[in-house]
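Structure file protein_21.csv (CSV, N, CA and C atoms) is printed below.
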chain,number,residue,atom,x,y,z
A,1,MET,N,35.6,-82.8,96.8
A,1,MET,CA,35.7,-83.9,95.9
A,1,MET,C,34.4,-84.0,95.1
A,2,ASN,N,34.6,-84.4,93.9
A,2,ASN,CA,33.5,-84.6,93.0
A,2,ASN,C,32.6,-85.7,93.5
A,3,MET,N,31.3,-85.4,93.6
A,3,MET,CA,30.4,-86.4,94.2
A,3,MET,C,30.2,-87.6,93.3
A,4,LEU,N,30.3,-87.3,92.0
A,4,LEU,CA,30.1,-88.4,91.0
A,4,LEU,C,31.3,-89.4,91.2
A,5,PHE,N,32.5,-88.9,91.5
A,5,PHE,CA,33.6,-89.7,91.7
A,5,PHE,C,33.4,-90.6,93.0
A,6,ARG,N,33.0,-90.0,94.0
A,6,ARG,CA,32.8,-90.7,95.3
A,6,ARG,C,31.7,-91.7,95.1
A,7,GLU,N,30.6,-91.4,94.5
A,7,GLU,CA,29.5,-92.3,94.3
A,7,GLU,C,29.9,-93.5,93.4
A,8,ARG,N,30.6,-93.2,92.4
A,8,ARG,CA,31.1,-94.3,91.5
A,8,ARG,C,32.0,-95.2,92.2
A,9,LEU,N,32.9,-94.7,93.0
A,9,LEU,CA,33.8,-95.5,93.8
A,9,LEU,C,33.0,-96.5,94.7
A,10,LYS,N,32.1,-95.9,95.4
A,10,LYS,CA,31.3,-96.7,96.3
A,10,LYS,C,30.5,-97.7,95.6
A,11,ALA,N,29.8,-97.4,94.5
A,11,ALA,CA,28.9,-98.3,93.8
A,11,ALA,C,29.7,-99.3,93.0
A,12,ASP,N,30.8,-98.9,92.3
A,12,ASP,CA,31.4,-99.8,91.3
A,12,ASP,C,32.7,-100.4,91.7
A,13,LEU,N,33.4,-99.8,92.7
A,13,LEU,CA,34.7,-100.4,93.1
A,13,LEU,C,34.7,-100.9,94.5
A,14,GLU,N,34.0,-100.3,95.4
A,14,GLU,CA,34.0,-100.8,96.7
A,14,GLU,C,33.6,-102.3,96.9
A,15,PRO,N,32.6,-102.8,96.2
A,15,PRO,CA,32.3,-104.2,96.3
A,15,PRO,C,33.6,-105.1,96.1
A,16,THR,N,34.4,-104.8,95.1
A,16,THR,CA,35.6,-105.5,94.7
A,16,THR,C,36.6,-105.4,95.9
A,17,LEU,N,36.7,-104.2,96.4
A,17,LEU,CA,37.7,-103.9,97.5
A,17,LEU,C,37.3,-104.7,98.7
A,18,LEU,N,36.0,-104.7,99.1
A,18,LEU,CA,35.5,-105.4,100.2
A,18,LEU,C,35.8,-106.9,100.1
A,19,LYS,N,35.6,-107.4,98.9
A,19,LYS,CA,35.9,-108.8,98.6
A,19,LYS,C,37.3,-109.2,98.9
A,20,PHE,N,38.3,-108.2,98.7
A,20,PHE,CA,39.7,-108.5,99.0
A,20,PHE,C,40.0,-108.1,100.5
A,21,GLY,N,39.1,-107.8,101.3
A,21,GLY,CA,39.3,-107.5,102.7
A,21,GLY,C,39.6,-106.1,103.0
A,22,PHE,N,39.4,-105.2,102.1
A,22,PHE,CA,39.6,-103.8,102.4
A,22,PHE,C,38.4,-103.2,103.1
A,23,GLN,N,38.7,-102.2,103.9
A,23,GLN,CA,37.6,-101.5,104.6
A,23,GLN,C,37.8,-100.0,104.4
A,24,PRO,N,36.7,-99.2,104.2
A,24,PRO,CA,36.9,-97.8,104.0
A,24,PRO,C,37.3,-97.2,105.4
A,25,ILE,N,38.3,-96.4,105.4
A,25,ILE,CA,38.7,-95.8,106.7
A,25,ILE,C,38.7,-94.3,106.8
A,26,ASP,N,38.7,-93.7,105.6
A,26,ASP,CA,38.8,-92.2,105.7
A,26,ASP,C,38.0,-91.6,104.5
A,27,ARG,N,37.0,-91.0,104.8
A,27,ARG,CA,36.2,-90.4,103.7
A,27,ARG,C,36.1,-88.9,104.0
A,28,ASP,N,37.1,-88.2,103.7
A,28,ASP,CA,37.0,-86.7,103.8
A,28,ASP,C,36.8,-86.1,102.5
A,29,ASN,N,36.8,-84.8,102.4
A,29,ASN,CA,36.5,-84.1,101.2
A,29,ASN,C,37.6,-84.2,100.1
A,30,ARG,N,38.8,-84.6,100.5
A,30,ARG,CA,39.9,-84.6,99.5
A,30,ARG,C,40.1,-86.0,98.9
A,31,PHE,N,39.8,-87.0,99.6
A,31,PHE,CA,40.1,-88.4,99.1
A,31,PHE,C,39.2,-89.4,99.8
A,32,VAL,N,39.3,-90.6,99.2
A,32,VAL,CA,38.6,-91.8,99.8
A,32,VAL,C,39.7,-92.8,100.0
A,33,GLU,N,39.8,-93.4,101.2
A,33,GLU,CA,40.9,-94.4,101.5
A,33,GLU,C,40.3,-95.7,102.0
A,34,TYR,N,41.0,-96.8,101.6
A,34,TYR,CA,40.6,-98.1,102.0
A,34,TYR,C,41.9,-98.8,102.5
A,35,CYS,N,41.8,-99.6,103.5
A,35,CYS,CA,42.9,-100.4,104.1
A,35,CYS,C,42.6,-101.8,104.3
A,36,SER,N,43.6,-102.7,104.1
A,36,SER,CA,43.5,-104.1,104.5
A,36,SER,C,44.6,-104.3,105.5
A,37,ASN,N,44.9,-105.5,105.9
A,37,ASN,CA,45.9,-105.8,106.8
A,37,ASN,C,47.3,-105.4,106.3
A,38,SER,N,47.5,-105.4,105.0
A,38,SER,CA,48.8,-105.1,104.4
A,38,SER,C,48.9,-104.0,103.4
A,39,LEU,N,47.8,-103.4,103.0
A,39,LEU,CA,47.8,-102.3,102.0
A,39,LEU,C,46.9,-101.1,102.4
A,40,ALA,N,47.3,-100.0,101.9
A,40,ALA,CA,46.4,-98.8,102.0
A,40,ALA,C,46.2,-98.3,100.6
A,41,LEU,N,45.0,-98.0,100.2
A,41,LEU,CA,44.7,-97.5,98.9
A,41,LEU,C,44.0,-96.1,99.0
A,42,ARG,N,44.4,-95.2,98.2
A,42,ARG,CA,43.8,-93.8,98.3
A,42,ARG,C,43.4,-93.4,96.9
A,43,PHE,N,42.2,-93.0,96.8
A,43,PHE,CA,41.6,-92.5,95.5
A,43,PHE,C,41.3,-91.0,95.7
A,44,VAL,N,41.8,-90.2,94.7
A,44,VAL,CA,41.8,-88.8,94.8
A,44,VAL,C,41.2,-88.2,93.5
A,45,PHE,N,40.3,-87.3,93.6
A,45,PHE,CA,39.8,-86.6,92.4
A,45,PHE,C,40.3,-85.1,92.6
A,46,ASP,N,41.1,-84.7,91.6
A,46,ASP,CA,41.6,-83.3,91.6
A,46,ASP,C,40.6,-82.5,90.8
A,47,THR,N,39.8,-81.6,91.5
A,47,THR,CA,38.8,-80.8,90.9
A,47,THR,C,39.4,-79.8,89.9
A,48,ARG,N,40.6,-79.3,90.3
A,48,ARG,CA,41.2,-78.3,89.4
A,48,ARG,C,41.6,-78.9,88.0
A,49,GLU,N,42.2,-80.1,88.1
A,49,GLU,CA,42.6,-80.8,86.9
A,49,GLU,C,41.5,-81.6,86.3
A,50,GLN,N,40.5,-81.9,87.1
A,50,GLN,CA,39.4,-82.8,86.6
A,50,GLN,C,40.0,-84.2,86.3
A,51,SER,N,40.8,-84.7,87.2
A,51,SER,CA,41.5,-85.9,87.0
A,51,SER,C,41.4,-86.8,88.2
A,52,SER,N,41.5,-88.1,88.0
A,52,SER,CA,41.5,-89.1,89.1
A,52,SER,C,42.9,-89.6,89.3
A,53,ASN,N,43.3,-89.9,90.6
A,53,ASN,CA,44.6,-90.4,90.9
A,53,ASN,C,44.4,-91.5,91.9
A,54,PHE,N,45.3,-92.5,91.8
A,54,PHE,CA,45.3,-93.7,92.7
A,54,PHE,C,46.7,-93.8,93.3
A,55,PHE,N,46.7,-94.0,94.7
A,55,PHE,CA,47.9,-94.2,95.4
A,55,PHE,C,47.8,-95.5,96.2
A,56,ILE,N,49.0,-96.1,96.4
A,56,ILE,CA,49.0,-97.4,97.1
A,56,ILE,C,50.3,-97.5,97.9
A,57,GLY,N,50.2,-98.2,99.1
A,57,GLY,CA,51.3,-98.3,99.9
A,57,GLY,C,51.0,-99.3,101.1
A,58,THR,N,52.0,-99.4,102.0
A,58,THR,CA,51.7,-100.2,103.1
A,58,THR,C,51.0,-99.5,104.2
A,59,SER,N,51.0,-98.2,104.2
A,59,SER,CA,50.2,-97.4,105.1
A,59,SER,C,49.8,-96.1,104.5
A,60,SER,N,49.0,-95.3,105.1
A,60,SER,CA,48.6,-94.0,104.6
A,60,SER,C,49.8,-93.0,104.5
A,61,ASP,N,50.8,-93.3,105.3
A,61,ASP,CA,52.0,-92.4,105.3
A,61,ASP,C,53.1,-92.8,104.3
A,62,ASP,N,52.9,-93.9,103.5
A,62,ASP,CA,53.9,-94.5,102.7
A,62,ASP,C,53.3,-94.8,101.3
A,63,LEU,N,52.6,-93.9,100.7
A,63,LEU,CA,51.9,-94.1,99.4
A,63,LEU,C,52.7,-93.6,98.2
A,64,ILE,N,52.6,-94.4,97.1
A,64,ILE,CA,53.1,-94.0,95.9
A,64,ILE,C,52.0,-93.8,94.8
A,65,LEU,N,52.2,-92.9,93.9
A,65,LEU,CA,51.3,-92.7,92.8
A,65,LEU,C,51.3,-93.9,91.9
A,66,PHE,N,50.2,-94.5,91.6
A,66,PHE,CA,50.1,-95.7,90.7
A,66,PHE,C,49.6,-95.1,89.4
A,67,ASP,N,50.3,-95.2,88.3
A,67,ASP,CA,49.9,-94.6,87.1
A,67,ASP,C,50.1,-95.6,85.9
A,68,ASN,N,49.8,-95.2,84.7
A,68,ASN,CA,49.9,-96.0,83.5
A,68,ASN,C,51.3,-96.7,83.4
A,69,ASP,N,52.3,-95.9,83.7
A,69,ASP,CA,53.7,-96.4,83.6
A,69,ASP,C,53.9,-97.6,84.5
A,70,ILE,N,53.5,-97.5,85.7
A,70,ILE,CA,53.7,-98.6,86.7
A,70,ILE,C,52.8,-99.8,86.3
A,71,LEU,N,51.6,-99.5,85.9
A,71,LEU,CA,50.7,-100.6,85.4
A,71,LEU,C,51.4,-101.4,84.3
A,72,LEU,N,51.9,-100.7,83.3
A,72,LEU,CA,52.5,-101.4,82.1
A,72,LEU,C,53.8,-102.0,82.4
A,73,ASN,N,54.7,-101.2,83.0
A,73,ASN,CA,56.1,-101.7,83.1
A,73,ASN,C,56.4,-102.5,84.3
A,74,VAL,N,55.6,-102.5,85.3
A,74,VAL,CA,55.8,-103.4,86.5
A,74,VAL,C,54.9,-104.6,86.4
A,75,TYR,N,53.6,-104.4,86.0
A,75,TYR,CA,52.6,-105.5,86.1
A,75,TYR,C,52.2,-106.0,84.7
A,76,GLY,N,52.7,-105.4,83.6
A,76,GLY,CA,52.3,-105.8,82.3
A,76,GLY,C,50.9,-105.6,81.9
A,77,SER,N,50.2,-104.6,82.6
A,77,SER,CA,48.8,-104.3,82.3
A,77,SER,C,48.7,-103.2,81.3
A,78,SER,N,47.7,-103.4,80.4
A,78,SER,CA,47.5,-102.3,79.4
A,78,SER,C,46.3,-101.4,79.9
A,79,VAL,N,45.9,-101.6,81.1
A,79,VAL,CA,44.8,-100.7,81.7
A,79,VAL,C,45.4,-99.3,81.7
A,80,ARG,N,44.5,-98.3,81.3
A,80,ARG,CA,44.8,-96.9,81.3
A,80,ARG,C,44.0,-96.2,82.4
A,81,ILE,N,44.7,-95.5,83.3
A,81,ILE,CA,44.0,-94.8,84.4
A,81,ILE,C,44.3,-93.3,84.4
A,82,ASP,N,45.3,-92.9,83.7
A,82,ASP,CA,45.7,-91.5,83.7
A,82,ASP,C,44.9,-90.7,82.7
A,83,GLN,N,44.4,-89.6,83.1
A,83,GLN,CA,43.6,-88.6,82.3
A,83,GLN,C,42.5,-89.3,81.5
A,84,VAL,N,41.7,-90.1,82.2
A,84,VAL,CA,40.6,-90.8,81.5
A,84,VAL,C,39.3,-90.4,82.3
A,85,PRO,N,38.2,-90.5,81.7
A,85,PRO,CA,36.9,-90.3,82.4
A,85,PRO,C,36.8,-91.1,83.7
A,86,ILE,N,36.1,-90.7,84.7
A,86,ILE,CA,35.9,-91.4,86.0
A,86,ILE,C,35.5,-92.8,85.7
A,87,GLU,N,34.6,-93.1,84.8
A,87,GLU,CA,34.1,-94.5,84.6
A,87,GLU,C,35.3,-95.4,84.1
A,88,ASN,N,36.1,-94.9,83.2
A,88,ASN,CA,37.2,-95.6,82.7
A,88,ASN,C,38.3,-95.9,83.8
A,89,PHE,N,38.5,-94.9,84.7
A,89,PHE,CA,39.4,-95.0,85.8
A,89,PHE,C,39.0,-96.1,86.7
A,90,ILE,N,37.8,-96.1,87.1
A,90,ILE,CA,37.2,-97.1,88.1
A,90,ILE,C,37.2,-98.5,87.4
A,91,ASP,N,36.7,-98.5,86.2
A,91,ASP,CA,36.6,-99.8,85.5
A,91,ASP,C,38.0,-100.4,85.3
A,92,GLY,N,39.0,-99.5,84.9
A,92,GLY,CA,40.3,-100.0,84.7
A,92,GLY,C,41.0,-100.5,85.9
A,93,LEU,N,40.8,-99.8,87.1
A,93,LEU,CA,41.4,-100.3,88.3
A,93,LEU,C,40.7,-101.6,88.8
A,94,ARG,N,39.4,-101.7,88.6
A,94,ARG,CA,38.7,-103.0,89.0
A,94,ARG,C,39.3,-104.1,88.1
A,95,SER,N,39.4,-103.9,86.8
A,95,SER,CA,40.0,-104.9,86.0
A,95,SER,C,41.4,-105.3,86.4
A,96,PHE,N,42.2,-104.3,86.7
A,96,PHE,CA,43.6,-104.6,87.2
A,96,PHE,C,43.6,-105.4,88.5
A,97,PHE,N,42.8,-105.0,89.4
A,97,PHE,CA,42.7,-105.6,90.7
A,97,PHE,C,42.3,-107.1,90.6
A,98,GLU,N,41.5,-107.4,89.7
A,98,GLU,CA,41.0,-108.8,89.5
A,98,GLU,C,41.8,-109.6,88.6
A,99,ASN,N,42.8,-109.0,87.9
A,99,ASN,CA,43.6,-109.8,87.0
A,99,ASN,C,45.1,-109.6,87.3
A,100,GLU,N,45.8,-108.7,86.6
A,100,GLU,CA,47.3,-108.6,86.8
A,100,GLU,C,47.6,-108.2,88.2
A,101,GLY,N,46.8,-107.5,88.9
A,101,GLY,CA,47.1,-107.1,90.3
A,101,GLY,C,46.5,-107.9,91.4
A,102,LEU,N,46.1,-109.1,91.0
A,102,LEU,CA,45.4,-110.0,92.0
A,102,LEU,C,46.3,-110.3,93.2
A,103,LYS,N,47.6,-110.7,92.9
A,103,LYS,CA,48.5,-111.0,94.0
A,103,LYS,C,48.8,-109.8,94.9
A,104,LEU,N,48.8,-108.6,94.3
A,104,LEU,CA,49.0,-107.4,95.0
A,104,LEU,C,47.8,-107.2,95.9
A,105,MET,N,46.6,-107.4,95.4
A,105,MET,CA,45.4,-107.1,96.2
A,105,MET,C,45.3,-108.2,97.4
A,106,LEU,N,45.9,-109.3,97.1
A,106,LEU,CA,45.8,-110.4,98.2
A,106,LEU,C,46.9,-110.2,99.2
A,107,GLY,N,47.7,-109.1,99.1
A,107,GLY,CA,48.6,-108.8,100.1
A,107,GLY,C,50.1,-109.2,99.9
A,108,SER,N,50.4,-109.6,98.7
A,108,SER,CA,51.8,-110.0,98.4
A,108,SER,C,52.8,-108.8,98.5
A,109,GLY,N,53.6,-108.9,99.5
A,109,GLY,CA,54.6,-107.9,99.8
A,109,GLY,C,55.6,-107.8,98.6
A,110,SER,N,55.9,-108.9,98.0
A,110,SER,CA,56.9,-108.8,96.8
A,110,SER,C,56.3,-108.1,95.7
A,111,GLU,N,55.0,-108.2,95.5
A,111,GLU,CA,54.3,-107.4,94.4
A,111,GLU,C,54.3,-105.9,94.6
A,112,LEU,N,54.1,-105.5,95.9
A,112,LEU,CA,54.2,-104.1,96.2
A,112,LEU,C,55.6,-103.6,96.1
A,113,ARG,N,56.6,-104.4,96.5
A,113,ARG,CA,58.0,-104.0,96.4
A,113,ARG,C,58.4,-103.7,95.0
A,114,ARG,N,57.8,-104.5,94.1
A,114,ARG,CA,58.1,-104.2,92.7
A,114,ARG,C,57.7,-102.8,92.3
A,115,ALA,N,56.6,-102.4,92.7
A,115,ALA,CA,56.2,-101.0,92.4
A,115,ALA,C,57.0,-100.0,93.1
A,116,TYR,N,57.4,-100.2,94.4
A,116,TYR,CA,58.3,-99.3,95.1
A,116,TYR,C,59.6,-99.2,94.4
A,117,THR,N,60.2,-100.3,94.0
A,117,THR,CA,61.5,-100.3,93.4
A,117,THR,C,61.4,-99.6,92.1
A,118,TYR,N,60.4,-99.8,91.3
A,118,TYR,CA,60.3,-99.1,90.0
A,118,TYR,C,60.2,-97.6,90.3
A,119,GLN,N,59.4,-97.2,91.2
A,119,GLN,CA,59.2,-95.8,91.5
A,119,GLN,C,60.5,-95.2,92.0
A,120,GLU,N,61.3,-95.9,92.8
A,120,GLU,CA,62.6,-95.4,93.2
A,120,GLU,C,63.5,-95.2,92.0
A,121,GLU,N,63.6,-96.1,91.1
A,121,GLU,CA,64.4,-96.1,89.9
A,121,GLU,C,64.0,-94.9,89.0
A,122,ARG,N,62.7,-94.7,88.9
A,122,ARG,CA,62.1,-93.6,88.1
A,122,ARG,C,62.5,-92.3,88.7
A,123,SER,N,62.4,-92.2,90.0
A,123,SER,CA,62.8,-90.9,90.7
A,123,SER,C,64.3,-90.6,90.5
A,124,LYS,N,65.1,-91.7,90.7
A,124,LYS,CA,66.6,-91.5,90.5
A,124,LYS,C,66.9,-91.0,89.1
A,125,ALA,N,66.2,-91.6,88.1
A,125,ALA,CA,66.5,-91.2,86.7
A,125,ALA,C,66.1,-89.8,86.5
A,126,TYR,N,64.9,-89.4,87.0
A,126,TYR,CA,64.5,-88.0,86.9
A,126,TYR,C,65.4,-87.0,87.5
A,127,THR,N,65.9,-87.4,88.7
A,127,THR,CA,66.8,-86.5,89.5
A,127,THR,C,68.1,-86.3,88.7
A,128,SER,N,68.6,-87.4,88.1
A,128,SER,CA,69.8,-87.4,87.3
A,128,SER,C,69.6,-86.5,86.1
A,129,TRP,N,68.5,-86.6,85.5
A,129,TRP,CA,68.1,-85.8,84.3
A,129,TRP,C,68.1,-84.3,84.6
A,130,ILE,N,67.5,-84.0,85.8
A,130,ILE,CA,67.4,-82.6,86.2
A,130,ILE,C,68.8,-82.1,86.5
A,131,GLN,N,69.6,-82.9,87.2
A,131,GLN,CA,71.0,-82.5,87.5
A,131,GLN,C,71.8,-82.3,86.3
A,132,GLY,N,71.6,-83.1,85.3
A,132,GLY,CA,72.3,-82.9,84.0
A,132,GLY,C,71.9,-81.6,83.3
A,133,LYS,N,70.7,-81.3,83.4
A,133,LYS,CA,70.2,-80.0,82.8
A,133,LYS,C,70.8,-78.8,83.5
A,134,GLU,N,70.9,-78.9,84.8
A,134,GLU,CA,71.5,-77.8,85.6
A,134,GLU,C,73.0,-77.6,85.3
A,135,LYS,N,73.7,-78.7,85.1
A,135,LYS,CA,75.1,-78.6,84.7
A,135,LYS,C,75.3,-78.1,83.3
A,136,GLY,N,74.3,-78.3,82.5
A,136,GLY,CA,74.4,-77.8,81.1
A,136,GLY,C,74.1,-76.3,80.9
A,137,ARG,N,73.8,-75.6,82.0
A,137,ARG,CA,73.4,-74.2,81.9
A,137,ARG,C,74.6,-73.4,81.8
Would you write out, as structure tokens, the structure that this file holds?
Amino acid sequence: MNMLFRERLKADLEPTLLKFGFQPIDRDNRFVEYCSNSLALRFVFDTREQSSNFFIGTSSDDLILFDNDILLNVYGSSVRIDQVPIENFIDGLRSFFENEGLKLMLGSGSELRRAYTYQEERSKAYTSWIQGKEKGR
């Protein structure tokens, strides 16, 4: 994992996460993870792509990718976290956590369900699109 990514997470985002009751639980070379009583957050830096990714769920085994599409269409946030420099990724997430995502960070199950439902709908639409392309061959 990129050391700058890890250092920036710890210095610039961890204080916000601690304020919301999250604790760091797993710091291996591939990702940094934080958990509260109701949420798991995973931050990943892909060295090959030089990109940052954020996953959220009820546990480490039930995570979904949180991206610009979910931020905008589920939470109405204009924050951009896809394909941005590390600083923008961290600053954007901190802004989201403290504003549009506040209820989510405080453990609202309905707020997380909104993201899960949107992800399921998006997956179904993509599967239908792929199946349509295969039928057209």
Inset, instruction - Find the distance between atom N of Gly76 (chain A) and atom C of Pro15 (chain A) and write it in Å to one decimal. - result: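 So the answer is 22.8 Å.
Here atom C of Leu65 (chain A) is placed at a distance of 15.2 Å from CA of Val84 (chain A).
The gap separating atom C of Thr117 (chain A) from CA of Glu14 (chain A) is 27.8 Å, in Å to one decimal.
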Legend entry - Residue among A:Ile130, A:Ile64, A:Leu72, A:Leu39 lying closest to Ser108 (chain A), counting all atoms listed in the file: A:Leu39
Inset, instruction - Go through A:Arg80, A:Arg113, A:Arg30, A:Lys10 and flag the residue nearest Asp46 (chain A), using only N, CA and C atoms for the distances. - result: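 Of the candidates, the smallest distance to Asp46 (chain A) is held by A:Arg30.
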Inset, instruction - Check the DSSP output for the backbone and give back, as a ChimeraX atom specification, the residues of region 3-133 of chain A in helix (DSSP H, G or I). - result: /A:3-19,68-75,86-98,102-105,109-133
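When only C-alpha atoms are used to compute distances to Leu102 (chain A), the closest of the residues A:Ile70, A:Leu17, A:Leu63, A:Leu4 turns out to be A:Leu17.
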Inset, instruction - Identify, with DSSP run on backbone atoms, the residues in chain A assigned to strand (DSSP E), and express the list as JSON, numbers by chain. - result: {"A": [23, 24, 25, 26, 27, 31, 32, 33, 34, 35, 40, 41, 42, 43, 44, 45, 46, 51, 52, 53, 54, 55, 56, 57, 63, 64, 65, 66]}
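Considering only N, CA and C atoms, the residue among A:Arg48, A:Ser60, A:Tyr75, A:Asp91 positioned nearest to Leu13 (chain A) is A:Asp91.
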Inset, instruction - Could you give me, as a list in words, the residues within 10 Å of Ile86 (chain A), counting only C-alpha atoms and dropping anything in the same chain fewer than 3 positions from it? - result: Leu4, Phe5, Arg6, Arg8, Leu9, Phe45, Gln50, Ser51, Ser52, Ile81, Gln83, Phe89, Ile90, Asp91 and Gly92 of chain A
